[in-house]
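Novice: Contents of target_28.cif (mmCIF, N, CA and C atoms) are given next:
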data_model
#
loop_
_atom_site.label_atom_id
_atom_site.label_comp_id
_atom_site.auth_asym_id
_atom_site.auth_seq_id
_atom_site.Cartn_x
_atom_site.Cartn_y
_atom_site.Cartn_z
N MET B 148 87.53 -58.88 -28.92
CA MET B 148 87.68 -59.58 -30.18
C MET B 148 87.29 -58.64 -31.31
N SER B 149 87.89 -58.83 -32.43
CA SER B 149 87.70 -57.94 -33.56
C SER B 149 86.37 -58.22 -34.27
N GLU B 150 85.53 -57.21 -34.31
CA GLU B 150 84.25 -57.34 -35.01
C GLU B 150 84.44 -57.52 -36.51
N THR B 151 85.44 -56.87 -37.06
CA THR B 151 85.70 -56.98 -38.50
C THR B 151 86.06 -58.41 -38.87
N LEU B 152 86.88 -59.03 -38.06
CA LEU B 152 87.26 -60.42 -38.35
C LEU B 152 86.09 -61.37 -38.18
N LEU B 153 85.20 -61.08 -37.23
CA LEU B 153 84.01 -61.92 -37.08
C LEU B 153 83.09 -61.78 -38.30
N TRP B 154 82.92 -60.56 -38.81
CA TRP B 154 82.10 -60.39 -40.01
C TRP B 154 82.75 -61.06 -41.21
N LEU B 155 84.05 -61.05 -41.26
CA LEU B 155 84.76 -61.78 -42.32
C LEU B 155 84.52 -63.28 -42.19
N ALA B 156 84.48 -63.79 -40.97
CA ALA B 156 84.18 -65.21 -40.75
C ALA B 156 82.77 -65.54 -41.21
N TYR B 157 81.81 -64.63 -40.96
CA TYR B 157 80.44 -64.86 -41.44
C TYR B 157 80.42 -64.93 -42.96
N LEU B 158 81.13 -64.01 -43.59
CA LEU B 158 81.20 -64.00 -45.04
C LEU B 158 81.84 -65.28 -45.58
N LEU B 159 82.90 -65.73 -44.92
CA LEU B 159 83.55 -66.98 -45.33
C LEU B 159 82.62 -68.18 -45.15
N SER B 160 81.76 -68.13 -44.16
CA SER B 160 80.77 -69.20 -43.98
C SER B 160 79.83 -69.26 -45.17
N GLY B 161 79.37 -68.09 -45.61
CA GLY B 161 78.50 -68.04 -46.78
C GLY B 161 79.20 -68.50 -48.04
N VAL B 162 80.44 -68.09 -48.21
CA VAL B 162 81.21 -68.49 -49.39
C VAL B 162 81.47 -70.00 -49.37
N ALA B 163 81.79 -70.53 -48.21
CA ALA B 163 82.03 -71.98 -48.11
C ALA B 163 80.77 -72.77 -48.44
N ALA B 164 79.64 -72.33 -47.91
CA ALA B 164 78.39 -73.04 -48.19
C ALA B 164 78.02 -72.93 -49.67
N PHE B 165 78.24 -71.75 -50.25
CA PHE B 165 77.98 -71.57 -51.67
C PHE B 165 78.84 -72.52 -52.50
N ALA B 166 80.12 -72.58 -52.17
CA ALA B 166 81.04 -73.43 -52.93
C ALA B 166 80.69 -74.91 -52.77
N LEU B 167 80.29 -75.32 -51.59
CA LEU B 167 79.95 -76.72 -51.38
C LEU B 167 78.74 -77.14 -52.19
N VAL B 168 77.75 -76.25 -52.29
CA VAL B 168 76.56 -76.57 -53.07
C VAL B 168 76.86 -76.45 -54.56
N ASP B 169 77.52 -75.37 -54.95
CA ASP B 169 77.73 -75.10 -56.37
C ASP B 169 78.78 -76.01 -57.00
N ARG B 170 79.90 -76.18 -56.35
CA ARG B 170 81.01 -76.93 -56.95
C ARG B 170 80.96 -78.42 -56.64
N LEU B 171 80.59 -78.77 -55.40
CA LEU B 171 80.64 -80.17 -55.00
C LEU B 171 79.28 -80.86 -55.01
N GLY B 172 78.23 -80.10 -55.20
CA GLY B 172 76.90 -80.68 -55.29
C GLY B 172 76.29 -81.13 -53.98
N TRP B 173 76.76 -80.56 -52.88
CA TRP B 173 76.21 -80.92 -51.58
C TRP B 173 74.77 -80.42 -51.47
N ARG B 174 74.03 -81.01 -50.57
CA ARG B 174 72.69 -80.52 -50.25
C ARG B 174 72.82 -79.29 -49.36
N ILE B 175 71.70 -78.58 -49.20
CA ILE B 175 71.73 -77.29 -48.50
C ILE B 175 72.09 -77.45 -47.02
N VAL B 176 71.43 -78.35 -46.31
CA VAL B 176 71.65 -78.45 -44.86
C VAL B 176 73.08 -78.86 -44.51
N PRO B 177 73.66 -79.90 -45.12
CA PRO B 177 75.06 -80.22 -44.78
C PRO B 177 76.02 -79.07 -45.11
N SER B 178 75.76 -78.37 -46.20
CA SER B 178 76.65 -77.26 -46.55
C SER B 178 76.47 -76.11 -45.56
N MET B 179 75.26 -75.91 -45.05
CA MET B 179 75.05 -74.88 -44.03
C MET B 179 75.81 -75.23 -42.75
N LEU B 180 75.76 -76.49 -42.35
CA LEU B 180 76.47 -76.89 -41.14
C LEU B 180 77.97 -76.78 -41.30
N ALA B 181 78.47 -77.14 -42.48
CA ALA B 181 79.91 -77.00 -42.75
C ALA B 181 80.30 -75.52 -42.78
N GLY B 182 79.44 -74.69 -43.36
CA GLY B 182 79.71 -73.25 -43.37
C GLY B 182 79.72 -72.67 -41.97
N ALA B 183 78.79 -73.11 -41.13
CA ALA B 183 78.76 -72.62 -39.74
C ALA B 183 80.00 -73.09 -38.99
N ALA B 184 80.54 -74.25 -39.36
CA ALA B 184 81.77 -74.73 -38.72
C ALA B 184 82.93 -73.79 -39.00
N VAL B 185 82.91 -73.12 -40.14
CA VAL B 185 83.94 -72.13 -40.45
C VAL B 185 83.88 -70.99 -39.44
N THR B 186 82.68 -70.54 -39.12
CA THR B 186 82.53 -69.47 -38.13
C THR B 186 82.99 -69.93 -36.75
N ILE B 187 82.64 -71.15 -36.37
CA ILE B 187 83.05 -71.67 -35.07
C ILE B 187 84.57 -71.74 -34.98
N ALA B 188 85.20 -72.25 -36.03
CA ALA B 188 86.66 -72.35 -36.04
C ALA B 188 87.31 -70.97 -35.97
N ALA B 189 86.77 -70.01 -36.73
CA ALA B 189 87.32 -68.66 -36.70
C ALA B 189 87.14 -68.02 -35.33
N TRP B 190 85.96 -68.25 -34.71
CA TRP B 190 85.72 -67.69 -33.38
C TRP B 190 86.70 -68.26 -32.37
N LEU B 191 86.94 -69.58 -32.46
CA LEU B 191 87.87 -70.20 -31.52
C LEU B 191 89.29 -69.66 -31.69
N VAL B 192 89.70 -69.47 -32.93
CA VAL B 192 91.03 -68.90 -33.18
C VAL B 192 91.11 -67.48 -32.63
N LEU B 193 90.10 -66.66 -32.91
CA LEU B 193 90.10 -65.30 -32.39
C LEU B 193 90.05 -65.28 -30.87
N PHE B 194 89.29 -66.19 -30.28
CA PHE B 194 89.19 -66.26 -28.82
C PHE B 194 90.54 -66.62 -28.21
N LEU B 195 91.22 -67.59 -28.79
CA LEU B 195 92.51 -68.01 -28.24
C LEU B 195 93.61 -66.98 -28.47
N LEU B 196 93.50 -66.22 -29.55
CA LEU B 196 94.52 -65.21 -29.83
C LEU B 196 94.28 -63.89 -29.10
N ALA B 197 93.08 -63.68 -28.61
CA ALA B 197 92.75 -62.42 -27.93
C ALA B 197 93.40 -62.37 -26.55
N ASP B 198 93.73 -61.15 -26.14
CA ASP B 198 94.24 -60.98 -24.79
C ASP B 198 93.15 -61.34 -23.79
N GLU B 199 93.56 -61.66 -22.61
CA GLU B 199 92.61 -62.06 -21.56
C GLU B 199 91.58 -60.95 -21.31
N LYS B 200 91.99 -59.71 -21.36
CA LYS B 200 91.06 -58.60 -21.07
C LYS B 200 90.10 -58.34 -22.22
N ASN B 201 90.44 -58.76 -23.46
CA ASN B 201 89.58 -58.53 -24.62
C ASN B 201 88.62 -59.69 -24.88
N ARG B 202 88.74 -60.75 -24.12
CA ARG B 202 87.85 -61.90 -24.30
C ARG B 202 86.48 -61.58 -23.72
N PRO B 203 85.43 -62.10 -24.36
CA PRO B 203 84.09 -61.87 -23.81
C PRO B 203 83.92 -62.60 -22.48
N GLU B 204 83.09 -62.02 -21.60
CA GLU B 204 82.88 -62.62 -20.29
C GLU B 204 82.03 -63.88 -20.38
N TRP B 205 81.08 -63.88 -21.27
CA TRP B 205 80.17 -65.01 -21.41
C TRP B 205 80.51 -65.75 -22.70
N GLU B 206 81.48 -66.64 -22.62
CA GLU B 206 81.98 -67.32 -23.81
C GLU B 206 80.90 -68.13 -24.51
N THR B 207 80.07 -68.83 -23.75
CA THR B 207 79.08 -69.69 -24.38
C THR B 207 78.01 -68.88 -25.11
N VAL B 208 77.61 -67.76 -24.54
CA VAL B 208 76.63 -66.91 -25.21
C VAL B 208 77.23 -66.29 -26.46
N ASP B 209 78.45 -65.85 -26.36
CA ASP B 209 79.12 -65.24 -27.50
C ASP B 209 79.31 -66.26 -28.63
N LEU B 210 79.71 -67.47 -28.28
CA LEU B 210 79.90 -68.51 -29.29
C LEU B 210 78.58 -68.88 -29.96
N SER B 211 77.52 -69.03 -29.17
CA SER B 211 76.23 -69.41 -29.76
C SER B 211 75.68 -68.29 -30.64
N LEU B 212 75.86 -67.04 -30.24
CA LEU B 212 75.40 -65.91 -31.05
C LEU B 212 76.16 -65.85 -32.37
N ASN B 213 77.46 -66.00 -32.31
CA ASN B 213 78.26 -65.96 -33.54
C ASN B 213 77.99 -67.16 -34.43
N THR B 214 77.72 -68.32 -33.82
CA THR B 214 77.37 -69.49 -34.62
C THR B 214 76.05 -69.28 -35.34
N CYS B 215 75.10 -68.64 -34.67
CA CYS B 215 73.81 -68.35 -35.32
C CYS B 215 73.99 -67.42 -36.51
N PHE B 216 74.81 -66.38 -36.35
CA PHE B 216 75.08 -65.49 -37.47
C PHE B 216 75.79 -66.24 -38.60
N GLY B 217 76.74 -67.09 -38.26
CA GLY B 217 77.42 -67.89 -39.27
C GLY B 217 76.46 -68.82 -40.00
N LEU B 218 75.51 -69.39 -39.26
CA LEU B 218 74.52 -70.27 -39.87
C LEU B 218 73.59 -69.50 -40.80
N ILE B 219 73.25 -68.27 -40.44
CA ILE B 219 72.42 -67.43 -41.31
C ILE B 219 73.15 -67.14 -42.62
N PHE B 220 74.40 -66.75 -42.52
CA PHE B 220 75.17 -66.44 -43.73
C PHE B 220 75.40 -67.69 -44.56
N ALA B 221 75.64 -68.82 -43.90
CA ALA B 221 75.82 -70.08 -44.62
C ALA B 221 74.53 -70.47 -45.34
N GLY B 222 73.40 -70.25 -44.69
CA GLY B 222 72.12 -70.54 -45.33
C GLY B 222 71.88 -69.67 -46.54
N LEU B 223 72.24 -68.41 -46.42
CA LEU B 223 72.10 -67.50 -47.57
C LEU B 223 73.02 -67.93 -48.72
N GLY B 224 74.24 -68.31 -48.39
CA GLY B 224 75.17 -68.76 -49.43
C GLY B 224 74.70 -70.04 -50.10
N ALA B 225 74.21 -70.98 -49.31
CA ALA B 225 73.74 -72.25 -49.86
C ALA B 225 72.49 -72.04 -50.71
N ALA B 226 71.59 -71.19 -50.25
CA ALA B 226 70.38 -70.91 -51.02
C ALA B 226 70.71 -70.20 -52.33
N ALA B 227 71.68 -69.28 -52.29
CA ALA B 227 72.09 -68.60 -53.51
C ALA B 227 72.69 -69.58 -54.51
N ALA B 228 73.50 -70.51 -54.02
CA ALA B 228 74.09 -71.51 -54.92
C ALA B 228 73.02 -72.42 -55.49
N TYR B 229 72.05 -72.80 -54.69
CA TYR B 229 70.96 -73.64 -55.17
C TYR B 229 70.16 -72.90 -56.25
N PHE B 230 69.93 -71.61 -56.05
CA PHE B 230 69.22 -70.80 -57.03
C PHE B 230 70.01 -70.69 -58.33
N VAL B 231 71.31 -70.48 -58.23
CA VAL B 231 72.16 -70.39 -59.42
C VAL B 231 72.14 -71.71 -60.17
N ASP B 232 72.21 -72.82 -59.44
CA ASP B 232 72.17 -74.14 -60.07
C ASP B 232 70.82 -74.37 -60.74
N TRP B 233 69.76 -73.97 -60.10
CA TRP B 233 68.42 -74.10 -60.66
C TRP B 233 68.28 -73.29 -61.95
N GLN B 234 68.85 -72.07 -61.95
CA GLN B 234 68.82 -71.23 -63.15
C GLN B 234 69.59 -71.88 -64.30
N ARG B 235 70.71 -72.51 -64.00
CA ARG B 235 71.50 -73.19 -65.04
C ARG B 235 70.71 -74.35 -65.66
N ARG B 236 70.00 -75.10 -64.82
CA ARG B 236 69.23 -76.24 -65.32
C ARG B 236 68.03 -75.81 -66.15
N GLU B 237 67.49 -74.65 -65.87
CA GLU B 237 66.31 -74.16 -66.61
C GLU B 237 66.68 -73.75 -68.02
N ARG B 238 67.90 -73.41 -68.27
CA ARG B 238 68.31 -72.95 -69.60
C ARG B 238 68.57 -74.07 -70.51
#
For the structure just supplied, provide its representation as structure tokens.
Specialist:
Amino acid sequence: MSETLLWLAYLLSGVAAFALVDRLGWRIVPSMLAGAAVTIAAWLVLFLLADEKNRPEWETVDLSLNTCFGLIFAGLGAAAAYFVDWQRRER
């Protein structure tokens, strides 16, 4: 599986969580979970599109590891949006 595409999925998780908090006013935890869902969906697409020989041997470990990374990036994105919103309210 492509490492570059997985890192792009992590970045998209952060961007999604940021947008959910900043634009839609979601709370941090639901936006983090929605952001992590982006990583899970991207991983599943990459897994299904990969050749049989390029698929990881331990699918569950690989999925849980990538979900954790997606959750970290989503948390960073949500926290950044919360901080930006807090800065706007202080002014």
Novice: The PyMOL selection byres ((chain B and resi 161) around 6) on the file shown: which residues, as a PyMOL selection string?
Specialist: chain B and resi 157-160+162-166+182+220-225
Novice: Spell out the residues picked by the PyMOL selection byres (((chain B and resi 175 and name CA) around 8) and name CA) here, as a list in words.
Specialist: Ala164, Val168, Trp173, Arg174, Val176, Pro177, Ser178, Met179, Gly222, Ala225, Ala226 and Tyr229 of chain B
Novice: Write a file of the selected residues as a JSON list (two decimals), in the frame of the given file, keeping N, CA and C atoms.
Specialist:
[["chain", "number", "residue", "atom", "x", "y", "z"],
["B", 164, "ALA", "N", 79.64, -72.33, -47.91],
["B", 164, "ALA", "CA", 78.39, -73.04, -48.19],
["B", 164, "ALA", "C", 78.02, -72.93, -49.67],
["B", 168, "VAL", "N", 77.75, -76.25, -52.29],
["B", 168, "VAL", "CA", 76.56, -76.57, -53.07],
["B", 168, "VAL", "C", 76.86, -76.45, -54.56],
["B", 173, "TRP", "N", 76.76, -80.56, -52.88],
["B", 173, "TRP", "CA", 76.21, -80.92, -51.58],
["B", 173, "TRP", "C", 74.77, -80.42, -51.47],
["B", 174, "ARG", "N", 74.03, -81.01, -50.57],
["B", 174, "ARG", "CA", 72.69, -80.52, -50.25],
["B", 174, "ARG", "C", 72.82, -79.29, -49.36],
["B", 176, "VAL", "N", 71.43, -78.35, -46.31],
["B", 176, "VAL", "CA", 71.65, -78.45, -44.86],
["B", 176, "VAL", "C", 73.08, -78.86, -44.51],
["B", 177, "PRO", "N", 73.66, -79.90, -45.12],
["B", 177, "PRO", "CA", 75.06, -80.22, -44.78],
["B", 177, "PRO", "C", 76.02, -79.07, -45.11],
["B", 178, "SER", "N", 75.76, -78.37, -46.20],
["B", 178, "SER", "CA", 76.65, -77.26, -46.55],
["B", 178, "SER", "C", 76.47, -76.11, -45.56],
["B", 179, "MET", "N", 75.26, -75.91, -45.05],
["B", 179, "MET", "CA", 75.05, -74.88, -44.03],
["B", 179, "MET", "C", 75.81, -75.23, -42.75],
["B", 222, "GLY", "N", 73.40, -70.25, -44.69],
["B", 222, "GLY", "CA", 72.12, -70.54, -45.33],
["B", 222, "GLY", "C", 71.88, -69.67, -46.54],
["B", 225, "ALA", "N", 74.21, -70.98, -49.31],
["B", 225, "ALA", "CA", 73.74, -72.25, -49.86],
["B", 225, "ALA", "C", 72.49, -72.04, -50.71],
["B", 226, "ALA", "N", 71.59, -71.19, -50.25],
["B", 226, "ALA", "CA", 70.38, -70.91, -51.02],
["B", 226, "ALA", "C", 70.71, -70.20, -52.33],
["B", 229, "TYR", "N", 72.05, -72.80, -54.69],
["B", 229, "TYR", "CA", 70.96, -73.64, -55.17],
["B", 229, "TYR", "C", 70.16, -72.90, -56.25]]
Novice: What's the separation between CA of Thr207 (chain B) and CA of Phe194 (chain B), in Å to one decimal place?
Specialist: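 These two atoms are separated by 11.6 Å.
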Novice: Take the PyMOL selection byres ((chain B and resi 149) around 8), run it mentally on this structure, and tell me the resulting residues as JSON, numbers by chain.
Specialist: {"B": [148, 150, 151, 152, 153, 154, 155, 193, 194, 197, 201]}
Novice: How would the residues just picked look written out with N, CA and C atoms as a PDB file, keeping the file's coordinate frame?
Specialist:
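Okay, this is what ended up in again_9.pdb:
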ATOM      1  N   MET B 148      87.530 -58.880 -28.920  1.00  0.00           N
ATOM      2  CA  MET B 148      87.680 -59.580 -30.180  1.00  0.00           C
ATOM      3  C   MET B 148      87.290 -58.640 -31.310  1.00  0.00           C
ATOM      4  N   GLU B 150      85.530 -57.210 -34.310  1.00  0.00           N
ATOM      5  CA  GLU B 150      84.250 -57.340 -35.010  1.00  0.00           C
ATOM      6  C   GLU B 150      84.440 -57.520 -36.510  1.00  0.00           C
ATOM      7  N   THR B 151      85.440 -56.870 -37.060  1.00  0.00           N
ATOM      8  CA  THR B 151      85.700 -56.980 -38.500  1.00  0.00           C
ATOM      9  C   THR B 151      86.060 -58.410 -38.870  1.00  0.00           C
ATOM     10  N   LEU B 152      86.880 -59.030 -38.060  1.00  0.00           N
ATOM     11  CA  LEU B 152      87.260 -60.420 -38.350  1.00  0.00           C
ATOM     12  C   LEU B 152      86.090 -61.370 -38.180  1.00  0.00           C
ATOM     13  N   LEU B 153      85.200 -61.080 -37.230  1.00  0.00           N
ATOM     14  CA  LEU B 153      84.010 -61.920 -37.080  1.00  0.00           C
ATOM     15  C   LEU B 153      83.090 -61.780 -38.300  1.00  0.00           C
ATOM     16  N   TRP B 154      82.920 -60.560 -38.810  1.00  0.00           N
ATOM     17  CA  TRP B 154      82.100 -60.390 -40.010  1.00  0.00           C
ATOM     18  C   TRP B 154      82.750 -61.060 -41.210  1.00  0.00           C
ATOM     19  N   LEU B 155      84.050 -61.050 -41.260  1.00  0.00           N
ATOM     20  CA  LEU B 155      84.760 -61.780 -42.320  1.00  0.00           C
ATOM     21  C   LEU B 155      84.520 -63.280 -42.190  1.00  0.00           C
ATOM     22  N   LEU B 193      90.100 -66.660 -32.910  1.00  0.00           N
ATOM     23  CA  LEU B 193      90.100 -65.300 -32.390  1.00  0.00           C
ATOM     24  C   LEU B 193      90.050 -65.280 -30.870  1.00  0.00           C
ATOM     25  N   PHE B 194      89.290 -66.190 -30.280  1.00  0.00           N
ATOM     26  CA  PHE B 194      89.190 -66.260 -28.820  1.00  0.00           C
ATOM     27  C   PHE B 194      90.540 -66.620 -28.210  1.00  0.00           C
ATOM     28  N   ALA B 197      93.080 -63.680 -28.610  1.00  0.00           N
ATOM     29  CA  ALA B 197      92.750 -62.420 -27.930  1.00  0.00           C
ATOM     30  C   ALA B 197      93.400 -62.370 -26.550  1.00  0.00           C
ATOM     31  N   ASN B 201      90.440 -58.760 -23.460  1.00  0.00           N
ATOM     32  CA  ASN B 201      89.580 -58.530 -24.620  1.00  0.00           C
ATOM     33  C   ASN B 201      88.620 -59.690 -24.880  1.00  0.00           C
TER      34      ASN B 201
END
Novice: Restricting the calculation to only N, CA and C atoms, which member of B:Leu191, B:Ala227, B:Thr186, B:Gln234 is positioned closest to Asn213 (chain B)?
Specialist: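 Checking each of B:Leu191, B:Ala227, B:Thr186, B:Gln234 against Asn213 (chain B), counting only N, CA and C atoms, the winner is B:Thr186.
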Novice: Could you tell me which of B:Phe216, B:Leu167, B:Trp233, B:Val208 comes closest to Ala181 (chain B) if we count only C-alpha atoms?
Specialist: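 For Ala181 (chain B), the nearest of the candidates is B:Leu167.
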Novice: B:Arg170, B:Val192, B:Phe230, B:Ile187: which is nearest Asp209 (chain B), counting only C-alpha atoms?
Specialist: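 Closest residue, counting only C-alpha atoms: B:Ile187.
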Novice: Mind listing the helix (DSSP H, G or I) residues of chain B, per DSSP on the backbone, as a ChimeraX atom specification?
Specialist: /B:150-169,175-196,199-201,206-237
Novice: At what distance in Å, to one decimal, does CA of Gly217 (chain B) lie from CA of Leu180 (chain B)?
Specialist: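 Answer for the CA of Leu180 (chain B) to CA of Gly217 (chain B) separation: 9.2 Å.
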Novice: Quick one: pull the distance between atom C of Gly172 (chain B) and atom C of Val231 (chain B), Å, one decimal.
Specialist: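 Taking atom C of Gly172 (chain B) and atom C of Val231 (chain B), their separation equals 12.0 Å.
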Novice: Can you patch up region 150-160 of chain B, filling it in to all heavy atoms, and show the result as a compact mmCIF listing (two decimals), keeping the file's coordinate frame?
Specialist:
# COMPACT_ATOMS: atom_id res chain seq x y z
N GLU B 150 85.53 -57.21 -34.31
CA GLU B 150 84.25 -57.34 -35.01
C GLU B 150 84.44 -57.52 -36.51
O GLU B 150 83.71 -58.26 -37.15
CB GLU B 150 83.38 -56.10 -34.75
CG GLU B 150 82.84 -56.03 -33.35
CD GLU B 150 81.80 -57.11 -33.08
OE1 GLU B 150 80.99 -57.40 -33.97
OE2 GLU B 150 81.83 -57.66 -31.97
N THR B 151 85.44 -56.87 -37.06
CA THR B 151 85.70 -56.98 -38.50
C THR B 151 86.06 -58.41 -38.87
O THR B 151 85.58 -58.94 -39.88
CB THR B 151 86.83 -56.02 -38.91
OG1 THR B 151 86.51 -54.70 -38.50
CG2 THR B 151 87.07 -56.06 -40.40
N LEU B 152 86.88 -59.03 -38.06
CA LEU B 152 87.26 -60.42 -38.35
C LEU B 152 86.09 -61.37 -38.18
O LEU B 152 85.97 -62.36 -38.91
CB LEU B 152 88.43 -60.84 -37.46
CG LEU B 152 89.76 -60.14 -37.76
CD1 LEU B 152 90.83 -60.57 -36.77
CD2 LEU B 152 90.21 -60.43 -39.18
N LEU B 153 85.20 -61.08 -37.23
CA LEU B 153 84.01 -61.92 -37.08
C LEU B 153 83.09 -61.78 -38.30
O LEU B 153 82.55 -62.78 -38.78
CB LEU B 153 83.26 -61.55 -35.80
CG LEU B 153 83.90 -62.05 -34.52
CD1 LEU B 153 83.17 -61.49 -33.31
CD2 LEU B 153 83.90 -63.56 -34.48
N TRP B 154 82.92 -60.56 -38.81
CA TRP B 154 82.10 -60.39 -40.01
C TRP B 154 82.75 -61.06 -41.21
O TRP B 154 82.06 -61.60 -42.08
CB TRP B 154 81.83 -58.91 -40.29
CG TRP B 154 80.77 -58.37 -39.39
CD1 TRP B 154 80.95 -57.64 -38.26
CD2 TRP B 154 79.35 -58.57 -39.54
NE1 TRP B 154 79.72 -57.37 -37.70
CE2 TRP B 154 78.74 -57.91 -38.46
CE3 TRP B 154 78.56 -59.23 -40.47
CZ2 TRP B 154 77.35 -57.91 -38.30
CZ3 TRP B 154 77.19 -59.22 -40.29
CH2 TRP B 154 76.60 -58.56 -39.23
N LEU B 155 84.05 -61.05 -41.26
CA LEU B 155 84.76 -61.78 -42.32
C LEU B 155 84.52 -63.28 -42.19
O LEU B 155 84.34 -63.98 -43.20
CB LEU B 155 86.26 -61.47 -42.27
CG LEU B 155 87.12 -62.14 -43.33
CD1 LEU B 155 86.71 -61.70 -44.72
CD2 LEU B 155 88.58 -61.85 -43.08
N ALA B 156 84.48 -63.79 -40.97
CA ALA B 156 84.18 -65.21 -40.75
C ALA B 156 82.77 -65.54 -41.21
O ALA B 156 82.54 -66.60 -41.79
CB ALA B 156 84.36 -65.55 -39.27
N TYR B 157 81.81 -64.63 -40.96
CA TYR B 157 80.44 -64.86 -41.44
C TYR B 157 80.42 -64.93 -42.96
O TYR B 157 79.77 -65.79 -43.55
CB TYR B 157 79.49 -63.75 -40.99
CG TYR B 157 79.43 -63.52 -39.51
CD1 TYR B 157 79.14 -62.25 -39.03
CD2 TYR B 157 79.63 -64.54 -38.59
CE1 TYR B 157 79.05 -62.01 -37.67
CE2 TYR B 157 79.55 -64.30 -37.24
CZ TYR B 157 79.26 -63.03 -36.78
OH TYR B 157 79.19 -62.80 -35.44
N LEU B 158 81.13 -64.01 -43.59
CA LEU B 158 81.20 -64.00 -45.04
C LEU B 158 81.84 -65.28 -45.58
O LEU B 158 81.37 -65.86 -46.55
CB LEU B 158 81.98 -62.76 -45.52
CG LEU B 158 82.11 -62.57 -47.01
CD1 LEU B 158 80.74 -62.35 -47.64
CD2 LEU B 158 83.01 -61.40 -47.31
N LEU B 159 82.90 -65.73 -44.92
CA LEU B 159 83.55 -66.98 -45.33
C LEU B 159 82.62 -68.18 -45.15
O LEU B 159 82.68 -69.13 -45.94
CB LEU B 159 84.84 -67.19 -44.55
CG LEU B 159 86.00 -66.27 -44.92
CD1 LEU B 159 87.18 -66.51 -43.98
CD2 LEU B 159 86.41 -66.46 -46.36
N SER B 160 81.76 -68.13 -44.16
CA SER B 160 80.77 -69.20 -43.98
C SER B 160 79.83 -69.26 -45.17
O SER B 160 79.51 -70.34 -45.68
CB SER B 160 79.97 -68.98 -42.71
OG SER B 160 80.77 -69.15 -41.59
